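Okay, upload.cif is below, mmCIF, C-alpha atoms:
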```
data_upload
#
loop_
_atom_site.label_atom_id
_atom_site.label_comp_id
_atom_site.auth_asym_id
_atom_site.auth_seq_id
_atom_site.Cartn_x
_atom_site.Cartn_y
_atom_site.Cartn_z
CA MET A 1 101.09 171.47 162.00
CA ALA A 2 102.01 168.55 159.78
CA ARG A 3 103.71 169.26 156.45
CA PRO A 4 101.06 169.60 153.72
CA PRO A 5 101.11 166.47 151.56
CA GLU A 6 101.71 168.41 148.36
CA TYR A 7 104.42 166.06 147.09
CA ASN A 8 105.67 162.52 147.51
CA ARG A 9 109.23 162.73 148.83
CA PRO A 10 110.61 159.49 147.29
CA GLU A 11 109.09 160.42 143.93
CA VAL A 12 110.50 163.95 143.79
CA LEU A 13 113.87 162.67 145.01
CA GLN A 14 113.91 160.14 142.20
CA ALA A 15 113.09 162.91 139.71
CA ALA A 16 116.01 164.96 141.07
CA LEU A 17 118.28 161.90 140.94
CA HIS A 18 117.68 161.49 137.23
CA VAL A 19 118.57 165.15 136.57
CA PHE A 20 121.81 165.06 138.61
CA TRP A 21 122.82 161.64 137.29
CA ARG A 22 122.30 162.64 133.67
CA ASP A 23 123.52 166.25 133.72
CA GLY A 24 125.99 166.47 136.59
CA TYR A 25 125.87 168.75 139.61
CA GLU A 26 126.59 172.18 138.15
CA SER A 27 124.39 171.78 135.08
CA SER A 28 121.45 170.78 137.26
CA THR A 29 120.11 174.27 137.85
CA ILE A 30 117.47 174.94 140.47
CA GLN A 31 114.98 175.66 137.68
CA LYS A 32 115.72 172.34 135.95
CA LEU A 33 115.29 170.54 139.27
CA LEU A 34 112.03 172.35 140.06
CA ASP A 35 110.64 171.42 136.63
CA ALA A 36 111.59 167.76 137.04
CA MET A 37 110.37 167.57 140.64
CA GLY A 38 107.17 169.52 139.97
CA LEU A 39 107.79 171.82 142.93
CA ASN A 40 107.75 175.56 143.37
CA ARG A 41 110.66 177.35 145.01
CA GLY A 42 108.91 177.65 148.36
CA SER A 43 108.19 173.92 148.63
CA PHE A 44 111.67 173.08 147.36
CA TYR A 45 113.56 175.14 149.92
CA GLY A 46 111.08 174.20 152.65
CA ALA A 47 111.59 170.51 152.01
CA PHE A 48 115.24 170.27 151.00
CA VAL A 49 116.94 173.40 152.45
CA ASP A 50 119.30 173.88 149.49
CA LYS A 51 120.77 172.18 146.42
CA GLU A 52 123.67 170.61 148.31
CA SER A 53 121.39 169.07 150.95
CA LEU A 54 119.12 167.77 148.21
CA PHE A 55 122.13 166.29 146.43
CA ARG A 56 123.25 164.40 149.54
CA GLU A 57 119.80 162.88 149.84
CA VAL A 58 119.89 162.06 146.13
CA MET A 59 123.20 160.20 146.57
CA ASP A 60 121.49 158.06 149.23
CA CYS A 61 118.69 157.34 146.74
CA TYR A 62 121.26 156.38 144.12
CA VAL A 63 123.01 153.96 146.45
CA HIS A 64 119.60 152.48 147.25
CA TYR A 65 118.81 152.30 143.50
CA GLN A 66 122.11 150.50 142.90
CA SER A 67 121.58 148.24 145.89
CA ASN A 68 119.38 145.96 143.78
CA ILE A 69 122.35 145.27 141.53
CA ILE A 70 124.62 144.95 144.55
CA SER A 71 122.36 142.65 146.54
CA PHE A 72 121.55 140.53 143.50
CA ASN A 73 125.16 140.13 142.41
CA LEU A 74 127.77 141.13 144.91
CA MET A 75 125.90 139.66 147.86
CA GLY A 76 123.38 137.28 146.26
CA ILE A 77 125.60 135.00 144.15
CA GLU A 78 127.34 132.28 146.12
CA GLU A 79 130.53 131.90 144.07
CA PRO A 80 132.51 135.06 144.96
CA LEU A 81 134.33 135.72 141.67
CA GLU A 82 131.16 135.10 139.68
CA ALA A 83 129.48 137.63 141.96
CA ILE A 84 132.11 140.27 141.17
CA ARG A 85 131.82 139.56 137.44
CA GLY A 86 128.02 139.75 137.62
CA PHE A 87 128.23 143.06 139.42
CA LEU A 88 130.62 144.60 136.88
CA GLU A 89 128.50 143.37 133.99
CA ASP A 90 125.32 144.86 135.38
CA PHE A 91 127.21 148.01 136.35
CA ALA A 92 128.70 148.66 132.90
CA LEU A 93 126.44 146.77 130.50
CA HIS A 94 122.98 148.11 131.30
CA GLU A 95 120.90 147.35 128.24
CA GLY A 96 119.51 150.88 127.96
CA ALA A 97 122.07 153.15 126.26
CA GLU A 98 120.66 156.25 127.97
CA ILE A 99 121.22 154.81 131.45
CA ARG A 100 124.54 153.21 130.46
CA GLU A 101 125.92 156.48 129.13
CA ARG A 102 125.16 158.34 132.35
CA GLY A 103 128.08 156.60 134.02
CA CYS A 104 128.01 156.23 137.80
CA LEU A 105 126.69 159.14 139.90
CA LEU A 106 129.38 158.60 142.55
CA PHE A 107 132.36 158.53 140.17
CA ASN A 108 130.81 161.43 138.21
CA THR A 109 130.57 163.44 141.42
CA VAL A 110 134.13 162.70 142.51
CA THR A 111 135.35 163.72 139.07
CA GLU A 112 133.29 166.88 138.70
CA LEU A 113 133.47 168.29 142.22
CA SER A 114 136.81 167.20 143.74
CA HIS A 115 138.13 170.75 143.69
CA THR A 116 135.10 173.03 143.65
CA ARG A 117 132.93 171.22 146.23
CA PRO A 118 135.35 168.87 147.99
CA HIS A 119 132.89 168.06 150.80
CA LEU A 120 130.40 166.60 148.26
CA ALA A 121 133.18 164.76 146.38
CA GLU A 122 134.30 163.31 149.71
CA ASP A 123 130.74 162.20 150.48
CA ALA A 124 130.68 160.42 147.12
CA SER A 125 134.09 158.82 147.80
CA LYS A 126 132.83 157.47 151.12
CA ARG A 127 129.94 155.81 149.34
CA VAL A 128 132.43 154.25 146.90
CA GLY A 129 134.14 152.94 150.05
CA PHE A 130 131.06 150.79 150.65
CA LEU A 131 131.61 149.08 147.29
CA HIS A 132 135.30 148.65 148.15
CA LYS A 133 134.34 146.84 151.37
CA LEU A 134 132.04 144.47 149.50
CA PHE A 135 134.81 143.69 147.00
CA ILE A 136 137.12 142.88 149.93
CA LYS A 137 134.52 140.58 151.47
CA ARG A 138 134.02 138.60 148.25
CA LEU A 139 137.76 138.54 147.45
CA GLU A 140 138.49 137.14 150.92
CA GLN A 141 135.98 134.36 150.29
CA ALA A 142 137.58 133.70 146.88
CA TYR A 143 141.00 133.64 148.53
CA LYS A 144 139.87 130.90 150.91
CA LEU A 145 138.68 128.91 147.91
CA GLY A 146 142.08 129.39 146.22
CA ASP A 147 140.51 131.33 143.37
CA VAL A 148 142.48 134.56 143.71
CA ARG A 149 146.21 135.00 143.52
CA ALA A 150 148.07 134.81 146.81
CA ASP A 151 150.95 137.17 146.00
CA LYS A 152 148.89 140.37 146.31
CA ASN A 153 146.75 141.53 149.18
CA VAL A 154 143.00 141.60 148.98
CA ASP A 155 142.80 145.28 149.89
CA ASP A 156 144.90 146.31 146.87
CA MET A 157 142.89 144.00 144.63
CA ALA A 158 139.70 145.69 145.83
CA ASP A 159 141.23 149.10 145.01
CA TYR A 160 142.11 147.74 141.59
CA LEU A 161 138.49 146.60 141.08
CA VAL A 162 137.26 150.09 142.01
CA ALA A 163 139.62 151.48 139.33
CA LEU A 164 138.30 148.95 136.84
CA ALA A 165 134.68 149.83 137.66
CA SER A 166 135.41 153.52 137.24
CA GLY A 167 137.24 152.96 133.95
CA LEU A 168 134.35 150.87 132.65
CA ARG A 169 131.95 153.70 133.41
CA THR A 170 134.18 156.16 131.55
CA HIS A 171 134.01 153.83 128.55
CA CYS A 172 130.20 153.87 128.88
CA LYS A 173 130.29 157.65 128.68
CA MET A 174 132.60 157.44 125.66
CA LYS A 175 129.93 155.23 124.05
CA THR A 176 132.34 152.34 123.69
CA ASN A 177 130.65 149.31 122.14
CA PRO A 178 129.21 146.97 124.83
CA ALA A 179 131.04 144.02 123.22
CA VAL A 180 134.33 145.83 123.88
CA ILE A 181 133.23 146.59 127.45
CA ARG A 182 132.62 142.87 127.94
CA GLU A 183 136.18 142.15 126.71
CA ILE A 184 137.55 144.73 129.15
CA ILE A 185 135.71 142.99 132.00
CA ASP A 186 137.13 139.62 130.86
CA LEU A 187 140.64 141.02 130.73
CA GLY A 188 140.28 143.09 133.86
CA LEU A 189 139.15 140.19 136.03
CA ASP A 190 141.97 137.92 134.94
CA VAL A 191 144.25 140.04 137.09
CA VAL A 192 142.85 138.76 140.34
CA THR A 193 142.55 135.08 139.46
CA THR A 194 145.10 132.39 140.30
CA PRO A 195 147.60 131.80 137.47
CA ASN A 196 146.13 128.44 136.44
CA ASN A 197 142.87 130.25 135.80
CA ASN A 198 144.55 132.87 133.72
CA GLN A 199 144.39 131.66 130.12
CA GLY A 200 140.84 131.05 129.11
CA ALA A 201 140.24 128.20 131.54
CA SER A 202 139.30 130.70 134.21
CA ILE A 203 136.34 130.32 136.48
CA PHE A 204 134.68 133.25 134.69
CA MET B 1 145.21 196.18 111.10
CA ALA B 2 147.12 193.57 113.05
CA ARG B 3 145.71 192.37 116.40
CA PRO B 4 147.11 194.59 119.16
CA PRO B 5 149.70 192.59 121.15
CA GLU B 6 147.89 193.14 124.42
CA TYR B 7 148.26 189.52 125.53
CA ASN B 8 150.41 186.47 124.92
CA ARG B 9 148.13 183.77 123.52
CA PRO B 10 150.01 180.68 124.81
CA GLU B 11 150.25 182.25 128.26
CA VAL B 12 146.57 183.15 128.56
CA LEU B 13 145.60 179.73 127.18
CA GLN B 14 147.73 178.06 129.82
CA ALA B 15 146.04 180.18 132.48
CA ALA B 16 142.63 179.08 131.17
CA LEU B 17 143.79 175.45 131.05
CA HIS B 18 144.61 175.48 134.75
CA VAL B 19 141.13 176.83 135.60
CA PHE B 20 139.27 174.26 133.46
CA TRP B 21 141.50 171.39 134.54
CA ARG B 22 141.10 172.17 138.23
CA ASP B 23 137.45 173.28 138.36
CA GLY B 24 135.75 171.56 135.40
CA TYR B 25 133.87 173.17 132.55
CA GLU B 26 130.70 174.47 134.20
CA SER B 27 132.39 175.85 137.30
CA SER B 28 134.85 177.79 135.15
CA THR B 29 132.77 180.93 134.82
CA ILE B 30 133.70 183.64 132.33
CA GLN B 31 134.63 185.90 135.25
CA LYS B 32 136.95 183.28 136.73
CA LEU B 33 138.56 182.77 133.33
CA LEU B 34 138.97 186.53 132.74
CA ASP B 35 140.63 186.91 136.15
CA ALA B 36 143.05 184.06 135.49
CA MET B 37 143.80 185.15 131.93
CA GLY B 38 144.12 188.84 132.81
CA LEU B 39 141.78 189.84 129.98
CA ASN B 40 138.74 192.07 129.77
CA ARG B 41 135.54 190.83 128.16
CA GLY B 42 136.23 192.62 124.88
CA SER B 43 139.66 191.07 124.41
CA PHE B 44 138.35 187.69 125.52
CA TYR B 45 135.49 187.48 123.04
CA GLY B 46 137.61 189.11 120.31
CA ALA B 47 140.35 186.53 120.72
CA PHE B 48 138.44 183.35 121.62
CA VAL B 49 134.86 183.88 120.31
CA ASP B 50 133.19 182.07 123.22
CA LYS B 51 133.81 179.71 126.12
CA GLU B 52 133.35 176.55 124.05
CA SER B 53 135.85 177.68 121.40
CA LEU B 54 138.32 178.60 124.12
CA PHE B 55 137.82 175.19 125.71
CA ARG B 56 138.61 173.38 122.46
CA GLU B 57 141.85 175.34 122.18
CA VAL B 58 142.58 174.55 125.83
CA MET B 59 142.15 170.81 125.16
CA ASP B 60 144.81 171.14 122.44
CA CYS B 61 147.09 172.85 124.97
CA TYR B 62 146.46 170.04 127.44
CA VAL B 63 147.36 167.35 124.91
CA HIS B 64 150.52 169.34 124.12
CA TYR B 65 151.23 169.65 127.86
CA GLN B 66 150.80 165.88 128.27
CA SER B 67 152.88 165.20 125.16
CA ASN B 68 156.06 165.52 127.21
CA ILE B 69 154.97 162.57 129.31
CA ILE B 70 153.83 160.74 126.20
CA SER B 71 156.95 161.36 124.15
CA PHE B 72 159.25 160.60 127.08
CA ASN B 73 157.49 157.38 128.03
CA LEU B 74 155.09 155.97 125.51
CA MET B 75 157.28 156.84 122.54
CA GLY B 76 160.73 157.40 124.06
CA ILE B 77 161.36 154.16 125.96
CA GLU B 78 162.49 151.29 123.77
CA GLU B 79 161.02 148.36 125.69
CA PRO B 80 157.28 148.63 124.94
CA LEU B 81 155.80 147.32 128.20
CA GLU B 82 158.19 149.42 130.26
CA ALA B 83 157.02 152.39 128.18
CA ILE B 84 153.38 151.72 129.05
CA ARG B 85 154.25 151.32 132.73
CA GLY B 86 156.30 154.54 132.68
CA PHE B 87 153.42 156.39 131.08
CA LEU B 88 150.85 155.18 133.65
CA GLU B 89 153.17 156.01 136.53
CA ASP B 90 153.75 159.54 135.31
CA PHE B 91 150.07 159.88 134.49
CA ALA B 92 148.79 158.83 137.92
CA LEU B 93 151.71 159.45 140.28
CA HIS B 94 152.59 163.09 139.68
CA GLU B 95 154.55 164.15 142.74
CA GLY B 96 152.48 167.29 143.30
CA ALA B 97 149.19 166.42 145.03
CA GLU B 98 147.44 169.47 143.56
CA ILE B 99 148.16 168.38 139.99
CA ARG B 100 147.59 164.70 140.77
CA GLU B 101 144.15 165.38 142.26
CA ARG B 102 142.99 167.27 139.19
CA GLY B 103 142.66 164.00 137.31
CA CYS B 104 142.86 164.06 133.52
CA LEU B 105 141.21 166.95 131.67
CA LEU B 106 140.00 164.61 128.90
CA PHE B 107 138.40 162.00 131.17
CA ASN B 108 137.01 164.80 133.35
CA THR B 109 135.40 166.37 130.27
CA VAL B 110 133.90 163.11 129.02
CA THR B 111 132.48 162.50 132.50
CA GLU B 112 131.12 165.98 133.12
CA LEU B 113 129.75 166.86 129.68
CA SER B 114 128.65 163.61 127.98
CA HIS B 115 125.00 164.58 128.21
CA THR B 116 124.89 168.36 128.49
CA ARG B 117 127.54 169.24 125.86
CA PRO B 118 128.01 166.02 123.90
CA HIS B 119 130.03 167.73 121.13
CA LEU B 120 132.71 168.75 123.66
CA ALA B 121 132.65 165.31 125.32
CA GLU B 122 133.08 163.77 121.88
CA ASP B 123 136.04 166.07 121.16
CA ALA B 124 137.62 164.89 124.40
CA SER B 125 136.91 161.23 123.50
CA LYS B 126 138.65 161.69 120.17
CA ARG B 127 141.73 162.96 121.92
CA VAL B 128 141.63 159.88 124.19
CA GLY B 129 141.60 157.93 120.91
CA PHE B 130 145.11 159.22 120.27
CA LEU B 131 146.29 157.58 123.50
CA HIS B 132 144.48 154.39 122.52
CA LYS B 133 146.39 154.32 119.21
CA LEU B 134 149.73 154.72 121.00
CA PHE B 135 148.83 151.85 123.34
CA ILE B 136 148.06 149.68 120.31
CA LYS B 137 151.40 150.56 118.70
CA ARG B 138 153.40 149.63 121.80
CA LEU B 139 151.30 146.51 122.49
CA GLU B 140 151.91 145.32 118.92
CA GLN B 141 155.65 145.71 119.45
CA ALA B 142 155.37 143.83 122.76
CA TYR B 143 153.38 141.10 121.00
CA LYS B 144 156.20 140.60 118.48
CA LEU B 145 158.62 140.25 121.40
CA GLY B 146 156.31 137.64 122.99
CA ASP B 147 155.73 139.85 126.02
CA VAL B 148 151.95 140.13 125.83
CA ARG B 149 149.43 137.34 125.95
CA ALA B 150 148.38 135.93 122.59
CA ASP B 151 144.82 134.91 123.45
CA LYS B 152 143.40 138.44 123.41
CA ASN B 153 143.59 141.01 120.68
CA VAL B 154 145.72 144.09 120.99
CA ASP B 155 142.82 146.44 120.32
CA ASP B 156 140.85 145.15 123.32
CA MET B 157 143.98 145.30 125.47
CA ALA B 158 144.41 148.96 124.49
CA ASP B 159 140.77 149.64 125.48
CA TYR B 160 141.49 147.92 128.78
CA LEU B 161 144.53 150.17 129.33
CA VAL B 162 142.37 153.24 128.66
CA ALA B 163 139.94 151.96 131.34
CA LEU B 164 142.86 151.41 133.71
CA ALA B 165 144.22 154.92 133.06
CA SER B 166 140.80 156.43 133.67
CA GLY B 167 140.29 154.42 136.86
CA LEU B 168 143.72 155.49 138.12
CA ARG B 169 142.77 159.11 137.62
CA THR B 170 139.55 158.62 139.56
CA HIS B 171 141.64 157.23 142.42
CA CYS B 172 143.80 160.36 142.20
CA LYS B 173 140.68 162.47 142.64
CA MET B 174 139.61 160.29 145.55
CA LYS B 175 143.02 161.10 147.11
CA THR B 176 143.98 157.43 147.21
CA ASN B 177 147.47 156.95 148.64
CA PRO B 178 150.12 156.95 145.86
CA ALA B 179 151.51 153.65 147.23
CA VAL B 180 148.12 152.06 146.57
CA ILE B 181 148.01 153.62 143.09
CA ARG B 182 151.38 151.99 142.39
CA GLU B 183 149.95 148.61 143.45
CA ILE B 184 146.97 149.13 141.14
CA ILE B 185 149.37 149.79 138.24
CA ASP B 186 151.32 146.62 139.13
CA LEU B 187 148.15 144.55 139.24
CA GLY B 188 146.57 146.23 136.24
CA LEU B 189 149.52 145.61 133.94
CA ASP B 190 149.79 141.93 134.82
CA VAL B 191 146.70 141.39 132.73
CA VAL B 192 148.44 142.03 129.43
CA THR B 193 151.64 140.08 130.09
CA THR B 194 152.33 136.52 129.01
CA PRO B 195 151.48 133.97 131.74
CA ASN B 196 155.12 133.19 132.57
CA ASN B 197 155.57 136.85 133.40
CA ASN B 198 152.52 136.89 135.57
CA GLN B 199 153.69 136.12 139.10
CA GLY B 200 156.29 138.60 140.20
CA ALA B 201 158.90 137.60 137.63
CA SER B 202 157.27 139.95 135.14
CA ILE B 203 159.18 142.24 132.86
CA PHE B 204 157.84 145.22 134.84
#
```

Show me, as structure tokens, the structure contained in the file I just sent.
Amino acid sequence: MARPPEYNRPEVLQAALHVFWRDGYESSTIQKLLDAMGLNRGSFYGAFVDKESLFREVMDCYVHYQSNIISFNLMGIEEPLEAIRGFLEDFALHEGAEIRERGCLLFNTVTELSHTRPHLAEDASKRVGFLHKLFIKRLEQAYKLGDVRADKNVDDMADYLVALASGLRTHCKMKTNPAVIREIIDLGLDVVTTPNNNQGASIF
Amino acid sequence: MARPPEYNRPEVLQAALHVFWRDGYESSTIQKLLDAMGLNRGSFYGAFVDKESLFREVMDCYVHYQSNIISFNLMGIEEPLEAIRGFLEDFALHEGAEIRERGCLLFNTVTELSHTRPHLAEDASKRVGFLHKLFIKRLEQAYKLGDVRADKNVDDMADYLVALASGLRTHCKMKTNPAVIREIIDLGLDVVTTPNNNQGASIF
């Protein structure tokens, strides 16, 4: 017998995403999730098995949600360093304060669960690895154009950009003024550029 | 009547600190805290009122705990940029993996509680403000020595260093190899130095 069509899976997943993203894993109680998703316990456990399984599916939704930003910037802009800048700006300068101050679900998860639920934190880290790979790809293109410094390897620069992205999201959660966040992006990106781009005349 | 000396306050606070620091706020249940602190419920509530009040006191302990690193590096080393480097290295390269992978209690708290317990997240942010002020002080000294770039203001550079510190701690939680973390510090600090220090011949 087919599953009764009592809910729309993408819609209820999106509702759960907003709870987890805003409140974190532990504060997202089953009751809070049921209220947001509009499900009863039976449907919830029937459809999603348990909170951890739901959360994994929610992380996939989040990556899909962020993929618009990623495909528009990190993959859609031709000039590689402009693409990285565009990504960081969209990532940390979302115009809605409520969304901006949620931070990043993946970094939030790594931070909250690294010790208590290491398997979920590791899942989140792996998804950050996808971003790392895209940074490498664009940095390699920039390297061929002579736009990034040649004395450091691209892999380390990508790790640095992950650190910068994470730090920017912490600032979002600390409600740092967006103008300051923009300055941090300016400063932070100078690190990867070639020296002659480093004092205001940069490609950014 | 004086409080019966049934526990040593600094000791039980330190025990609570290690629970919160490792597991985060929400996962640190009262029972877990009681077990670690060796207290019964009556003594616990008599001495600390509630979990939030305990947590505030624990954040003070943490800042005190970190003050050794801060006073040794950020305030104790004469050359200001070396002091900042020394601080970041101690902050993100603790030799014990267990401590290193806990991240920073303050950034963890901002990340976990910004929406669900904003007053505690704000308390943590204020304590990060103390670090920000120390960065400014050392950057101003470095500026007078001509060691930091003159085209950006010291306040923004301090905000950038807070982002870098936070991003380094996220990498710790992601179990990034310490050698990579060292590279991120190298790269990350280049951003504040004067251009002639920027390609390997830097003061760091």

Closest atom pairs, residues of region 69-129 of chain A within 10 Å of region 180-189 of chain A, only C-alpha atoms, as JSON lines:
```
{"residue": "A:Leu81", "atom": "CA", "partner": "A:Leu189", "partner_atom": "CA", "distance": 8.7}
{"residue": "A:Ile84", "atom": "CA", "partner": "A:Leu189", "partner_atom": "CA", "distance": 8.7}
{"residue": "A:Arg85", "atom": "CA", "partner": "A:Leu189", "partner_atom": "CA", "distance": 7.5}
{"residue": "A:Leu88", "atom": "CA", "partner": "A:Ile185", "partner_atom": "CA", "distance": 7.2}
{"residue": "A:Glu89", "atom": "CA", "partner": "A:Arg182", "partner_atom": "CA", "distance": 7.3}
{"residue": "A:Ala92", "atom": "CA", "partner": "A:Ile181", "partner_atom": "CA", "distance": 7.4}
{"residue": "A:Leu93", "atom": "CA", "partner": "A:Ile181", "partner_atom": "CA", "distance": 7.4}
```

Handout entry: 8 Å contact set for Ser125 (chain B), all atoms listed in the file, chain neighbours under 6 positions out, as a list in words
Key = Met174 of chain A; Leu106, Phe107 and Val110 of chain B

Exercise for the section: Dump as a ChimeraX atom specification the residues of chain B that approach chain A to within 9 Å, counting all atoms listed in the file. Expected result: /B:22-27,101-103,107-116,121-122,125,149,151-152,156-157,159-171,173-174,180-181,183-185,187-192,195,198-200

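The coordinates place CA of Ile69 (chain A) at 10.6 Å from CA of His94 (chain A).
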
Got a sec to resolve the PyMOL selection byres ((chain A and resi 11) around 12) on this structure and send the residues as a short mmCIF file (atom, residue, chain, number, x, y, z; two decimals) with C-alpha atoms, keeping the file's coordinate frame?
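After the write, part-v8.cif holds the following:
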```
data_model
loop_
_atom_site.label_atom_id
_atom_site.label_comp_id
_atom_site.auth_asym_id
_atom_site.auth_seq_id
_atom_site.Cartn_x
_atom_site.Cartn_y
_atom_site.Cartn_z
CA GLU A 6 101.71 168.41 148.36
CA TYR A 7 104.42 166.06 147.09
CA ASN A 8 105.67 162.52 147.51
CA ARG A 9 109.23 162.73 148.83
CA PRO A 10 110.61 159.49 147.29
CA VAL A 12 110.50 163.95 143.79
CA LEU A 13 113.87 162.67 145.01
CA GLN A 14 113.91 160.14 142.20
CA ALA A 15 113.09 162.91 139.71
CA ALA A 16 116.01 164.96 141.07
CA LEU A 17 118.28 161.90 140.94
CA HIS A 18 117.68 161.49 137.23
CA ALA A 36 111.59 167.76 137.04
CA MET A 37 110.37 167.57 140.64
CA GLY A 38 107.17 169.52 139.97
CA LEU A 39 107.79 171.82 142.93
CA VAL A 58 119.89 162.06 146.13
CA CYS A 61 118.69 157.34 146.74
#
```

Practice task
Give as a PyMOL selection string every residue, naming chains and numbers as the document does, that has an atom within 12 Å of (134.8, 134.3, 146.8), counting only C-alpha atoms.
Solution key: chain A and resi 74-85+134-149+154+192-193+203

Problem - Contacts of Arg41 (chain B) within 10 Å, all atoms listed in the file, excl. fewer than 6 positions in-chain, as a VMD selection string - result: chain B and resid 30 to 31 34 47

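Across the structure, CA of Glu95 (chain B) and CA of Asn73 (chain B) are spaced 16.5 Å apart.
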
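You will find CA of Asp60 (chain A) at 21.3 Å from CA of Asp35 (chain A).
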
How big is the axis-aligned box around all listed atoms of region 169-183 of chain B once 5 Å goes on each side, and where's its centre, in Å to one decimal, as JSON?
```
{"center_x": 145.5, "center_y": 155.5, "center_z": 143.1, "size_x": 22.0, "size_y": 23.9, "size_z": 21.0}
```

Exercise for the section: Name the residues in contact with Ser53 (chain B) at a cut-off of 12 Å, using only C-alpha atoms, excluding same-chain residues fewer than 3 positions from it; report them as an MDAnalysis selection string. Expected result: chainID B and resid 13 16 44:50 56:60 119:120 123

Keeping only C-alpha atoms, write the selected residues as a PDB file, keeping the file's coordinate frame.
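The result, stored in result19.pdb:
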```pdb
ATOM      1  CA  LEU B  13     145.600 179.730 127.180  1.00  0.00           C
ATOM      2  CA  ALA B  16     142.630 179.080 131.170  1.00  0.00           C
ATOM      3  CA  PHE B  44     138.350 187.690 125.520  1.00  0.00           C
ATOM      4  CA  TYR B  45     135.490 187.480 123.040  1.00  0.00           C
ATOM      5  CA  GLY B  46     137.610 189.110 120.310  1.00  0.00           C
ATOM      6  CA  ALA B  47     140.350 186.530 120.720  1.00  0.00           C
ATOM      7  CA  PHE B  48     138.440 183.350 121.620  1.00  0.00           C
ATOM      8  CA  VAL B  49     134.860 183.880 120.310  1.00  0.00           C
ATOM      9  CA  ASP B  50     133.190 182.070 123.220  1.00  0.00           C
ATOM     10  CA  ARG B  56     138.610 173.380 122.460  1.00  0.00           C
ATOM     11  CA  GLU B  57     141.850 175.340 122.180  1.00  0.00           C
ATOM     12  CA  VAL B  58     142.580 174.550 125.830  1.00  0.00           C
ATOM     13  CA  MET B  59     142.150 170.810 125.160  1.00  0.00           C
ATOM     14  CA  ASP B  60     144.810 171.140 122.440  1.00  0.00           C
ATOM     15  CA  HIS B 119     130.030 167.730 121.130  1.00  0.00           C
ATOM     16  CA  LEU B 120     132.710 168.750 123.660  1.00  0.00           C
ATOM     17  CA  ASP B 123     136.040 166.070 121.160  1.00  0.00           C
TER      18      ASP B 123
END
```
